[in-house]
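Following: one structure in structure tokens, then a few remarks.
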Amino acid sequence: MLEIQGFLSDEECRLIIHLAQMKGLQRSQILPTEEYEEAMSTMQLSQVDLFQLLDQNHDGRLQLREVLAQTRLGNGRWMTPENIQEMYAAIKADPDGDGVLSLQEFANMDLRDFHKYMRSHKAESNELVRNSHHTWLHQGEGAHHVMRAIRQRVLRLTRLSPEIVELSEPLQVVRYGEGGHYHAHVDSGPVYPETICSHTKLVVNESVPFETSCRQVPPTWGYMTVLFYLNNVTGGGETVFPVADNRTYDEMSLIRDDVDLRDTRRHCDKGNLRVKPHQGTAVFWYNYLPDGQGWVGEVDDYSLHGGCLVTRGTKWIANNWINVDPSRARQALFQQEMARLAREGGADSQSEWALDRAYSEARVEL
């Protein structure tokens with residue numbers, strides 16, 4: 001992780017916030033329950049197979065922390081040990097109440113009861129995986145000159161080809177109010193053969209059960225995040241990297257003695273590295289390792305990061321992510337199609353950016 005102070009000027013930070021407010025922000029969403037259930041159903045796993053998948057230490061018993069490691073995106077609710085035990089009691093999954101499920105107890109459980117329970121418990125904002133509001137700002141041709149300038153600055157910073165940067169996601173602007181947070185996560189989903197990337201799915205005729213945002217850069221063979229702090233935060237709001245600089249990584253070691261290092265509302269102070277928000281500062285890091293053949297490899301587990309609880313005031317950030325599909329063929333097809341649309345004058349003319357173009361001359365006074 002690299003921290004660069006003064007990457008954005010105060011004026012640029014204020015303008016980005018102003019543009020985001022003019023466009024309007026929406027609540028940040030996590031995978032809805034209905035889509036989660038549909039995705040799970042396509043996996044066609046038996047309960048025995050599912051048990052073995054969850055049982056990471058292969059001892060034939062599901063500990064609370066093993067279940068917690070897999071339940072983060074069920075319906076957007078952040079599950080705690082207390083939540084899991086309440087669910088067990090409600091669906092009668094743990095007859096002896098010891099918080100541990102045997103294979104027989106798991107096999108006797110009706111998964112429909114689990115989904116019904118999750119649907120019936122609407123999460124409050126402070127119980128979500130992510131509690132924030134966001135919008136997207138266009139950075140392509142016709143965008144505000146400051147948006148274009150920032151994209152060019154990222155291009156110089158990363159030393160990537162213009163095609164890679166220009167075809168990546170627009171700028172995401174995020175507002176965390178008091179009480180806002182984002183529990184620890186990585187900035188791209190795992191790459192499986194049955195996974196397709198959000199940014200390339202429209203140019204291939206493929207139907208797959210899982211979709212993810214493929215945030216990576218091939219010249220350095222790693223996914224990249226560039227995060228900008230747009231204001232100084234009165235209290236809290238640090239970016240935490242819970243396992244940065246650890247010698248080894250073990251997912252189960254993240255949850256010990258009722259301390260979940262991924263829980264940014266409770267345990268940010270226990271993370272290895274915390275970056276305090278300073279207006280104009282940029283931080284960037286890679287989220288994936290190389291595969292040894294010049295393309296994307298495995299997730300870099302040490303890139304796990306989150307947004308700590310904002311205890312006072314408001315936190316504004318922006319994110320630039322670099323997107324490349326783990327399938328070279330799909331990525332090549334995507335770039336060819338975008339180049340064709342650009343020649344025909346249509347690659348950057350989506351109606352969704354019409355509002356951004358209307359603000360292309362917007363100014364903000366200090």
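In the structure tokens, the first chain shown is A, the next is B, and so on; residue numbers restart at 1 for each chain, and ligands run from 1 in the order shown.
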Next on the checklist: Quick one: residues within 6 Å of range 310-314 of chain A, only C-alpha atoms, excluding same-chain residues fewer than 3 positions away - as a list of chain:residue names?
Outcome noted: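 So, after excluding close chain neighbours, the residues are A:Tyr176, A:Gly177, A:Glu178, A:Gly179, A:Gly180, A:Thr234, A:Gly235, A:Gly236, A:Gly237.
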Next on the checklist: Among range 75-201 of chain A, which ones does DSSP assign to helix (DSSP H, G or I) (computed from the backbone)? Answer as a PyMOL selection string.
Outcome noted: chain A and resi 81-91+103-108+111-120+125-127+145-158+162-166+201
Item to check | Residues within 12 Å of Lys315 in chain A, only C-alpha atoms, excluding chain neighbours under 6 positions, as an MDAnalysis selection string | outcome: chainID A and resid 17 131:134 173:182 228:239 276:279 307:309
Item to check | For Met79 in chain A, the nearest of the candidates A:Glu251, A:Asp263, A:Glu298, A:Asp55, counting only C-alpha atoms | outcome: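 Closest to Met79 in chain A of all the choices is A:Asp263.
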Checklist entry - Which residue out of A:Ala358, A:Val67, A:Met338, A:Met1 has the minimum interatomic distance to Val240 in chain A when only C-alpha atoms are used? => result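 Checking each of A:Ala358, A:Val67, A:Met338, A:Met1 against Val240 in chain A, counting only C-alpha atoms, the winner is A:Met1.
In this model, the gap between CA of Ser9 in chain A and CA of Met22 in chain A comes to 20.0 Å.
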Checklist entry - What are the DSSP strand (DSSP E) residues of range 272-356 of chain A, as a ChimeraX atom specification? => result /A:273-275,282-286,288-290,296-299,305-307,310-312,315-321
Checklist outcome for this item: From CA of Ala318 in chain A to CA of Arg14 in chain A the spacing works out at 11.7 Å
Checklist entry - What is the distance between CA of Asp269 in chain A and CA of Leu289 in chain A, in Å to one decimal? => result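 Interatomic distance, CA of Asp269 in chain A to CA of Leu289 in chain A: 27.2 Å.
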